[in-house]
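**Q** Input structure: model-v9.tsv, which contains TSV, N, CA and C atoms and all ligand atoms.
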chain	number	residue	atom	x	y	z
J	14	MET	N	2.57	33.87	-0.16
J	14	MET	CA	3.18	34.96	-0.93
J	14	MET	C	3.11	34.67	-2.42
J	15	ILE	N	2.81	35.66	-3.21
J	15	ILE	CA	2.85	35.48	-4.66
J	15	ILE	C	3.95	36.37	-5.24
J	16	THR	N	4.45	35.93	-6.39
J	16	THR	CA	5.50	36.69	-7.07
J	16	THR	C	5.08	36.93	-8.50
J	17	GLY	N	5.69	37.94	-9.11
J	17	GLY	CA	5.39	38.23	-10.50
J	17	GLY	C	6.37	39.22	-11.06
J	18	GLY	N	6.13	39.62	-12.30
J	18	GLY	CA	7.02	40.58	-12.92
J	18	GLY	C	6.58	40.92	-14.34
J	19	CYS	N	7.36	41.80	-14.94
J	19	CYS	CA	7.04	42.25	-16.30
J	19	CYS	C	7.58	41.26	-17.33
J	20	HIS	N	7.32	41.53	-18.58
J	20	HIS	CA	7.72	40.62	-19.65
J	20	HIS	C	9.23	40.47	-19.76
J	21	CYS	N	9.97	41.59	-19.64
J	21	CYS	CA	11.43	41.52	-19.86
J	21	CYS	C	12.20	41.11	-18.62
J	22	GLY	N	11.55	41.14	-17.45
J	22	GLY	CA	12.23	40.73	-16.21
J	22	GLY	C	12.91	41.85	-15.46
J	23	ALA	N	12.87	43.08	-16.00
J	23	ALA	CA	13.50	44.21	-15.30
J	23	ALA	C	12.80	44.53	-13.99
J	24	ILE	N	11.48	44.27	-13.94
J	24	ILE	CA	10.70	44.51	-12.72
J	24	ILE	C	10.21	43.19	-12.17
J	25	ARG	N	10.50	42.95	-10.89
J	25	ARG	CA	9.95	41.80	-10.17
J	25	ARG	C	9.30	42.30	-8.90
J	26	TYR	N	8.23	41.62	-8.48
J	26	TYR	CA	7.56	42.04	-7.25
J	26	TYR	C	7.12	40.82	-6.47
J	27	GLN	N	6.79	41.06	-5.21
J	27	GLN	CA	6.17	40.02	-4.40
J	27	GLN	C	5.04	40.64	-3.59
J	28	ALA	N	4.03	39.82	-3.29
J	28	ALA	CA	2.88	40.30	-2.53
J	28	ALA	C	2.59	39.31	-1.41
J	29	ASP	N	2.49	39.84	-0.20
J	29	ASP	CA	2.15	39.02	0.97
J	29	ASP	C	0.71	39.28	1.38
J	30	GLY	N	0.13	38.30	2.01
J	30	GLY	CA	-1.22	38.46	2.52
J	30	GLY	C	-2.27	38.05	1.50
J	31	GLN	N	-3.52	38.21	1.90
J	31	GLN	CA	-4.65	37.79	1.07
J	31	GLN	C	-4.98	38.88	0.04
J	32	ALA	N	-5.34	38.45	-1.16
J	32	ALA	CA	-5.90	39.39	-2.12
J	32	ALA	C	-7.27	39.83	-1.58
J	33	LEU	N	-7.51	41.13	-1.54
J	33	LEU	CA	-8.77	41.64	-1.02
J	33	LEU	C	-9.89	41.48	-2.04
J	34	MET	N	-9.50	41.42	-3.31
J	34	MET	CA	-10.47	41.34	-4.39
J	34	MET	C	-9.71	40.98	-5.66
J	35	HIS	N	-10.36	40.30	-6.58
J	35	HIS	CA	-9.76	40.08	-7.90
J	35	HIS	C	-10.88	40.22	-8.90
J	36	ALA	N	-10.79	41.23	-9.74
J	36	ALA	CA	-11.86	41.51	-10.70
J	36	ALA	C	-11.28	41.79	-12.07
J	37	LEU	N	-12.08	41.49	-13.08
J	37	LEU	CA	-11.70	41.76	-14.46
J	37	LEU	C	-12.34	43.07	-14.87
J	38	CYS	N	-11.50	44.04	-15.21
J	38	CYS	CA	-12.00	45.40	-15.48
J	38	CYS	C	-12.13	45.66	-16.97
J	39	HIS	N	-13.29	46.19	-17.33
J	39	HIS	CA	-13.60	46.47	-18.74
J	39	HIS	C	-13.57	47.96	-19.06
J	40	CYS	N	-13.10	48.81	-18.14
J	40	CYS	CA	-13.17	50.25	-18.38
J	40	CYS	C	-12.21	50.66	-19.51
J	41	LYS	N	-12.54	51.80	-20.09
J	41	LYS	CA	-11.78	52.27	-21.25
J	41	LYS	C	-10.34	52.61	-20.86
J	42	ASP	N	-10.13	53.18	-19.68
J	42	ASP	CA	-8.77	53.53	-19.25
J	42	ASP	C	-7.89	52.29	-19.19
J	43	CYS	N	-8.39	51.22	-18.58
J	43	CYS	CA	-7.61	49.98	-18.48
J	43	CYS	C	-7.35	49.40	-19.87
J	44	ARG	N	-8.37	49.41	-20.71
J	44	ARG	CA	-8.20	48.82	-22.05
J	44	ARG	C	-7.16	49.58	-22.84
J	45	ARG	N	-7.24	50.90	-22.81
J	45	ARG	CA	-6.31	51.72	-23.57
J	45	ARG	C	-4.88	51.55	-23.06
J	46	HIS	N	-4.73	51.56	-21.74
J	46	HIS	CA	-3.38	51.49	-21.20
J	46	HIS	C	-2.75	50.13	-21.45
J	47	ALA	N	-3.56	49.08	-21.38
J	47	ALA	CA	-3.02	47.73	-21.57
J	47	ALA	C	-3.02	47.32	-23.04
J	48	GLY	N	-3.82	47.99	-23.87
J	48	GLY	CA	-3.97	47.54	-25.25
J	48	GLY	C	-4.62	46.17	-25.31
J	49	ALA	N	-5.58	45.94	-24.41
J	49	ALA	CA	-6.23	44.63	-24.28
J	49	ALA	C	-7.72	44.83	-24.01
J	50	PRO	N	-8.57	43.85	-24.37
J	50	PRO	CA	-10.01	44.03	-24.20
J	50	PRO	C	-10.48	44.09	-22.75
J	51	MET	N	-9.68	43.58	-21.81
J	51	MET	CA	-9.98	43.74	-20.38
J	51	MET	C	-8.71	43.48	-19.59
J	52	VAL	N	-8.71	43.89	-18.33
J	52	VAL	CA	-7.53	43.74	-17.49
J	52	VAL	C	-7.93	43.16	-16.13
J	53	GLY	N	-7.22	42.13	-15.70
J	53	GLY	CA	-7.46	41.55	-14.38
J	53	GLY	C	-6.69	42.32	-13.32
J	54	TRP	N	-7.40	42.68	-12.23
J	54	TRP	CA	-6.76	43.43	-11.13
J	54	TRP	C	-6.97	42.68	-9.83
J	55	SER	N	-5.87	42.44	-9.14
J	55	SER	CA	-5.92	41.80	-7.84
J	55	SER	C	-5.50	42.83	-6.80
J	56	MET	N	-6.38	43.05	-5.82
J	56	MET	CA	-6.19	44.14	-4.86
J	56	MET	C	-5.47	43.66	-3.61
J	57	TYR	N	-4.42	44.40	-3.21
J	57	TYR	CA	-3.65	44.06	-2.02
J	57	TYR	C	-3.45	45.30	-1.16
J	58	ARG	N	-3.17	45.06	0.15
J	58	ARG	CA	-2.73	46.17	0.98
J	58	ARG	C	-1.33	46.58	0.50
J	59	GLN	N	-1.15	47.90	0.37
J	59	GLN	CA	0.09	48.42	-0.19
J	59	GLN	C	1.33	47.97	0.59
J	60	ASP	N	1.20	47.86	1.93
J	60	ASP	CA	2.38	47.50	2.72
J	60	ASP	C	2.78	46.03	2.55
J	61	GLY	N	1.93	45.24	1.89
J	61	GLY	CA	2.27	43.85	1.63
J	61	GLY	C	2.94	43.63	0.28
J	62	VAL	N	2.98	44.66	-0.53
J	62	VAL	CA	3.51	44.51	-1.90
J	62	VAL	C	4.85	45.23	-2.00
J	63	LYS	N	5.84	44.51	-2.50
J	63	LYS	CA	7.19	45.05	-2.57
J	63	LYS	C	7.76	44.81	-3.96
J	64	VAL	N	8.33	45.83	-4.56
J	64	VAL	CA	9.08	45.66	-5.81
J	64	VAL	C	10.47	45.19	-5.41
J	65	THR	N	10.86	44.01	-5.88
J	65	THR	CA	12.12	43.41	-5.45
J	65	THR	C	13.25	43.65	-6.45
J	66	THR	N	12.90	43.93	-7.71
J	66	THR	CA	13.90	44.23	-8.73
J	66	THR	C	13.39	45.38	-9.59
J	67	GLY	N	14.25	46.37	-9.86
J	67	GLY	CA	13.91	47.44	-10.77
J	67	GLY	C	12.99	48.48	-10.15
J	68	ALA	N	12.58	49.43	-10.97
J	68	ALA	CA	11.71	50.52	-10.51
J	68	ALA	C	10.70	50.83	-11.61
J	69	PRO	N	9.41	50.60	-11.34
J	69	PRO	CA	8.41	50.91	-12.36
J	69	PRO	C	8.33	52.41	-12.62
J	70	LYS	N	7.95	52.78	-13.81
J	70	LYS	CA	7.64	54.16	-14.13
J	70	LYS	C	6.17	54.39	-13.78
J	71	VAL	N	5.85	55.59	-13.30
J	71	VAL	CA	4.48	55.88	-12.87
J	71	VAL	C	3.86	56.91	-13.80
J	72	TYR	N	2.70	56.57	-14.31
J	72	TYR	CA	1.98	57.42	-15.25
J	72	TYR	C	0.67	57.88	-14.62
J	73	ALA	N	0.41	59.18	-14.63
J	73	ALA	CA	-0.85	59.71	-14.09
J	73	ALA	C	-1.92	59.57	-15.17
J	74	SER	N	-2.77	58.54	-15.03
J	74	SER	CA	-3.78	58.28	-16.06
J	74	SER	C	-5.08	59.03	-15.80
J	75	SER	N	-5.20	59.62	-14.63
J	75	SER	CA	-6.34	60.48	-14.30
J	75	SER	C	-5.87	61.38	-13.17
J	76	GLU	N	-6.74	62.21	-12.61
J	76	GLU	CA	-6.31	63.16	-11.59
J	76	GLU	C	-5.55	62.46	-10.45
J	77	HIS	N	-6.12	61.37	-9.94
J	77	HIS	CA	-5.50	60.66	-8.83
J	77	HIS	C	-5.02	59.25	-9.19
J	78	GLY	N	-5.42	58.74	-10.33
J	78	GLY	CA	-5.07	57.38	-10.74
J	78	GLY	C	-3.62	57.32	-11.22
J	79	ARG	N	-2.89	56.31	-10.74
J	79	ARG	CA	-1.50	56.14	-11.14
J	79	ARG	C	-1.28	54.73	-11.66
J	80	ARG	N	-0.76	54.63	-12.87
J	80	ARG	CA	-0.47	53.33	-13.47
J	80	ARG	C	1.04	53.15	-13.52
J	81	HIS	N	1.48	52.03	-12.95
J	81	HIS	CA	2.91	51.76	-12.80
J	81	HIS	C	3.26	50.69	-13.84
J	82	PHE	N	4.28	50.96	-14.63
J	82	PHE	CA	4.62	50.01	-15.69
J	82	PHE	C	6.13	49.91	-15.85
J	83	CYS	N	6.57	48.88	-16.55
J	83	CYS	CA	8.00	48.70	-16.77
J	83	CYS	C	8.48	49.66	-17.85
J	84	PRO	N	9.50	50.51	-17.53
J	84	PRO	CA	9.99	51.46	-18.52
J	84	PRO	C	10.75	50.80	-19.66
J	85	GLU	N	11.14	49.54	-19.48
J	85	GLU	CA	11.90	48.83	-20.53
J	85	GLU	C	10.98	48.15	-21.53
J	86	CYS	N	9.99	47.41	-21.05
J	86	CYS	CA	9.16	46.62	-21.98
J	86	CYS	C	7.70	47.07	-22.02
J	87	GLY	N	7.30	47.97	-21.13
J	87	GLY	CA	5.97	48.54	-21.19
J	87	GLY	C	4.87	47.78	-20.47
J	88	THR	N	5.20	46.62	-19.88
J	88	THR	CA	4.17	45.84	-19.18
J	88	THR	C	3.54	46.66	-18.05
J	89	GLY	N	2.22	46.70	-18.04
J	89	GLY	CA	1.50	47.34	-16.94
J	89	GLY	C	1.50	46.43	-15.73
J	90	LEU	N	1.80	46.98	-14.56
J	90	LEU	CA	1.96	46.15	-13.35
J	90	LEU	C	1.00	46.51	-12.22
J	91	PHE	N	0.92	47.81	-11.89
J	91	PHE	CA	0.15	48.21	-10.70
J	91	PHE	C	-0.73	49.42	-11.01
J	92	TYR	N	-1.77	49.54	-10.17
J	92	TYR	CA	-2.60	50.75	-10.19
J	92	TYR	C	-2.75	51.21	-8.75
J	93	SER	N	-2.61	52.49	-8.53
J	93	SER	CA	-2.88	53.04	-7.20
J	93	SER	C	-3.66	54.34	-7.36
J	94	ASN	N	-4.42	54.66	-6.31
J	94	ASN	CA	-5.22	55.87	-6.31
J	94	ASN	C	-5.38	56.30	-4.86
J	95	ASP	N	-4.52	57.23	-4.42
J	95	ASP	CA	-4.48	57.60	-3.00
J	95	ASP	C	-5.75	58.32	-2.55
J	96	ALA	N	-6.51	58.87	-3.50
J	96	ALA	CA	-7.74	59.57	-3.14
J	96	ALA	C	-8.88	58.58	-2.90
J	97	VAL	N	-9.01	57.58	-3.78
J	97	VAL	CA	-10.15	56.64	-3.72
J	97	VAL	C	-9.79	55.38	-2.93
J	98	LEU	N	-8.55	54.91	-3.07
J	98	LEU	CA	-8.14	53.65	-2.45
J	98	LEU	C	-6.84	53.83	-1.67
J	99	PRO	N	-6.87	54.63	-0.58
J	99	PRO	CA	-5.62	54.83	0.17
J	99	PRO	C	-5.13	53.52	0.80
J	100	GLY	N	-3.82	53.29	0.73
J	100	GLY	CA	-3.24	52.09	1.35
J	100	GLY	C	-3.43	50.83	0.55
J	101	ILE	N	-3.95	50.97	-0.67
J	101	ILE	CA	-4.27	49.82	-1.50
J	101	ILE	C	-3.46	49.90	-2.80
J	102	ILE	N	-3.05	48.73	-3.29
J	102	ILE	CA	-2.45	48.69	-4.63
J	102	ILE	C	-3.09	47.54	-5.40
J	103	ASP	N	-3.40	47.82	-6.64
J	103	ASP	CA	-3.94	46.78	-7.52
J	103	ASP	C	-2.81	46.22	-8.35
J	104	ILE	N	-2.74	44.90	-8.42
J	104	ILE	CA	-1.72	44.25	-9.24
J	104	ILE	C	-2.39	43.72	-10.50
J	105	GLN	N	-1.80	43.99	-11.64
J	105	GLN	CA	-2.32	43.45	-12.91
J	105	GLN	C	-2.08	41.94	-12.87
J	106	SER	N	-3.16	41.19	-12.64
J	106	SER	CA	-3.01	39.79	-12.20
J	106	SER	C	-2.38	38.88	-13.25
J	107	ALA	N	-2.44	39.25	-14.53
J	107	ALA	CA	-1.82	38.42	-15.55
J	107	ALA	C	-0.29	38.48	-15.49
J	108	THR	N	0.27	39.38	-14.67
J	108	THR	CA	1.73	39.44	-14.52
J	108	THR	C	2.23	38.53	-13.41
J	109	MET	N	1.31	37.86	-12.71
J	109	MET	CA	1.75	36.94	-11.65
J	109	MET	C	2.39	35.70	-12.26
J	110	ASP	N	3.39	35.16	-11.56
J	110	ASP	CA	4.07	33.96	-12.07
J	110	ASP	C	3.08	32.80	-12.22
J	111	ASP	N	2.12	32.71	-11.31
J	111	ASP	CA	1.07	31.70	-11.43
J	111	ASP	C	-0.30	32.38	-11.33
J	112	PRO	N	-0.79	32.88	-12.46
J	112	PRO	CA	-2.06	33.63	-12.42
J	112	PRO	C	-3.25	32.77	-12.03
J	113	ASP	N	-3.09	31.44	-12.01
J	113	ASP	CA	-4.19	30.56	-11.61
J	113	ASP	C	-4.41	30.54	-10.10
J	114	LEU	N	-3.46	31.05	-9.34
J	114	LEU	CA	-3.55	30.97	-7.88
J	114	LEU	C	-4.74	31.72	-7.30
J	115	ILE	N	-5.06	32.85	-7.90
J	115	ILE	CA	-6.14	33.68	-7.35
J	115	ILE	C	-7.23	33.84	-8.41
J	116	ARG	N	-8.37	33.23	-8.14
J	116	ARG	CA	-9.46	33.26	-9.13
J	116	ARG	C	-10.18	34.61	-9.08
J	117	PRO	N	-10.54	35.14	-10.25
J	117	PRO	CA	-11.33	36.38	-10.24
J	117	PRO	C	-12.74	36.12	-9.72
J	118	GLN	N	-13.33	37.13	-9.09
J	118	GLN	CA	-14.66	37.00	-8.50
J	118	GLN	C	-15.72	37.76	-9.26
J	119	ALA	N	-15.29	38.66	-10.14
J	119	ALA	CA	-16.30	39.51	-10.79
J	119	ALA	C	-15.74	40.19	-12.03
J	120	HIS	N	-16.67	40.61	-12.89
J	120	HIS	CA	-16.37	41.55	-13.96
J	120	HIS	C	-16.80	42.92	-13.46
J	121	MET	N	-15.98	43.94	-13.68
J	121	MET	CA	-16.42	45.29	-13.27
J	121	MET	C	-16.31	46.26	-14.44
J	122	GLN	N	-16.98	47.39	-14.27
J	122	GLN	CA	-17.03	48.45	-15.29
J	122	GLN	C	-17.60	47.93	-16.62
J	123	VAL	N	-18.57	47.00	-16.53
J	123	VAL	CA	-19.14	46.46	-17.77
J	123	VAL	C	-19.96	47.51	-18.52
J	124	ALA	N	-20.28	48.63	-17.88
J	124	ALA	CA	-20.95	49.73	-18.58
J	124	ALA	C	-20.10	50.22	-19.75
J	125	GLU	N	-18.75	50.03	-19.61
J	125	GLU	CA	-17.85	50.48	-20.68
J	125	GLU	C	-17.30	49.32	-21.51
J	126	ARG	N	-17.81	48.13	-21.28
J	126	ARG	CA	-17.29	46.93	-21.96
J	126	ARG	C	-17.44	47.03	-23.48
J	127	ILE	N	-16.47	46.50	-24.21
J	127	ILE	CA	-16.61	46.37	-25.66
J	127	ILE	C	-17.80	45.44	-25.91
J	128	GLY	N	-18.68	45.82	-26.84
J	128	GLY	CA	-19.93	45.09	-27.05
J	128	GLY	C	-19.74	43.58	-27.19
J	129	TRP	N	-18.81	43.16	-28.04
J	129	TRP	CA	-18.66	41.72	-28.32
J	129	TRP	C	-18.03	40.95	-27.17
J	130	MET	N	-17.48	41.64	-26.18
J	130	MET	CA	-16.89	40.92	-25.05
J	130	MET	C	-17.94	40.18	-24.22
J	131	ALA	N	-19.18	40.64	-24.27
J	131	ALA	CA	-20.25	39.98	-23.51
J	131	ALA	C	-20.44	38.54	-23.98
J	132	HIS	N	-20.04	38.24	-25.23
J	132	HIS	CA	-20.23	36.90	-25.79
J	132	HIS	C	-18.90	36.22	-26.12
J	133	ALA	N	-17.80	36.75	-25.63
J	133	ALA	CA	-16.47	36.21	-25.99
J	133	ALA	C	-16.33	34.74	-25.59
J	134	HIS	N	-17.00	34.33	-24.51
J	134	HIS	CA	-16.88	32.94	-24.05
J	134	HIS	C	-17.61	31.96	-24.98
J	135	GLU	N	-18.40	32.47	-25.93
J	135	GLU	CA	-19.13	31.59	-26.86
J	135	GLU	C	-18.32	31.35	-28.14
J	136	LEU	N	-17.18	31.98	-28.30
J	136	LEU	CA	-16.39	31.84	-29.53
J	136	LEU	C	-15.80	30.44	-29.61
J	137	PRO	N	-15.55	29.94	-30.85
J	137	PRO	CA	-14.84	28.67	-30.97
J	137	PRO	C	-13.44	28.78	-30.37
J	138	THR	N	-12.93	27.68	-29.83
J	138	THR	CA	-11.60	27.70	-29.20
J	138	THR	C	-10.69	26.70	-29.88
J	139	PHE	N	-9.39	26.98	-29.86
J	139	PHE	CA	-8.37	26.13	-30.47
J	139	PHE	C	-7.22	25.95	-29.49
J	140	GLU	N	-6.69	24.74	-29.37
J	140	GLU	CA	-5.54	24.52	-28.50
J	140	GLU	C	-4.41	25.48	-28.83
J	141	ARG	N	-4.18	25.68	-30.14
J	141	ARG	CA	-3.15	26.63	-30.57
J	141	ARG	C	-3.79	27.67	-31.49
J	142	TYR	N	-3.57	27.55	-32.81
J	142	TYR	CA	-4.09	28.55	-33.75
J	142	TYR	C	-5.23	27.94	-34.56
J	143	PRO	N	-6.14	28.79	-35.07
J	143	PRO	CA	-7.17	28.26	-35.97
J	143	PRO	C	-6.51	27.65	-37.20
J	144	PRO	N	-7.12	26.60	-37.80
J	144	PRO	CA	-6.53	25.99	-39.01
J	144	PRO	C	-6.46	27.00	-40.15
J	145	GLN	N	-5.37	26.94	-40.91
J	145	GLN	CA	-5.18	27.85	-42.05
J	145	GLN	C	-5.72	27.19	-43.31
J	146	GLU	N	-6.37	27.96	-44.16
J	146	GLU	CA	-6.89	27.42	-45.43
J	146	GLU	C	-5.81	27.54	-46.50
Q	1	ZN	ZN	10.02	44.90	-18.38
Q	2	ZN	ZN	-10.38	49.65	-15.37
Could you express the structure from this file as structure tokens?
Ligand SMILES: [Zn+2]
Ligand SMILES: [Zn+2]
**A**
Amino acid sequence: MITGGCHCGAIRYQADGQALMHALCHCKDCRRHAGAPMVGWSMYRQDGVKVTTGAPKVYASSEHGRRHFCPECGTGLFYSNDAVLPGIIDIQSATMDDPDLIRPQAHMQVAERIGWMAHAHELPTFERYPPQE
């Protein structure tokens, strides 16, 4: 079982069973909603995922797409789409208490990827912040 929640703690969830897929999504909808260059999604059977504290707000981001987020702090938590993925819920994997538990298997929607993201892994890295001049 994995557990997770939003930034402020108003929403907590747990997920039982195996993740069916874990992919990093580069589509424009995910980027805009998260305010981030990509979003990790871990796919679970809906009946294995339970919100244990609070109630996410649901936003219709497309005709059938539903994005569930914390109404207090805005953290994006789940995606569901009853037309395309019935019985399935995607969990925004960076909200898991231990995001290292489930490794991503793929990048998806790279047709919409921000150009420089293709080379993001080549950037210099710093344990904390870059040195200030
Ligand atoms: Zn919150
Ligand atoms: Zn996406």
**Q** Which residues are near ligand ZN 2 (chain Q) - at most 6 Å, using all atoms listed in the file? Format: as a list in words.
**A**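 Here is the list of contacting residues: Cys38, His39, Cys40, Lys41, Asp42, Cys43 and Arg44 of chain J.
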**Q** Give the residues close to ligand ZN 1 (chain Q), within 6.5 Å, counting only N, CA and C atoms and all ligand atoms; write them as a ChimeraX atom specification.
**A** /J:19-24,83-88
**Q** Which residue out of J:Trp54, J:Tyr26, J:Tyr72, J:Phe139 has the minimum interatomic distance to Ser106 in chain J when only C-alpha atoms are used?
**A**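 The answer is J:Trp54, which sits nearest to Ser106 in chain J.
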**Q** Taking 5 positions as the minimum chain separation for residues in the same chain, which residues sit within 6.5 Å of Gln59 in chain J when counting only N, CA and C atoms? Answer as a ChimeraX atom specification.
**A** /J:100-102
**Q** So which bits of chain J end up helix (DSSP H, G or I) when you DSSP the backbone, as number ranges by chain?
**A** J: 41-47, 59-61, 106-108, 112-114, 123-125, 128-135
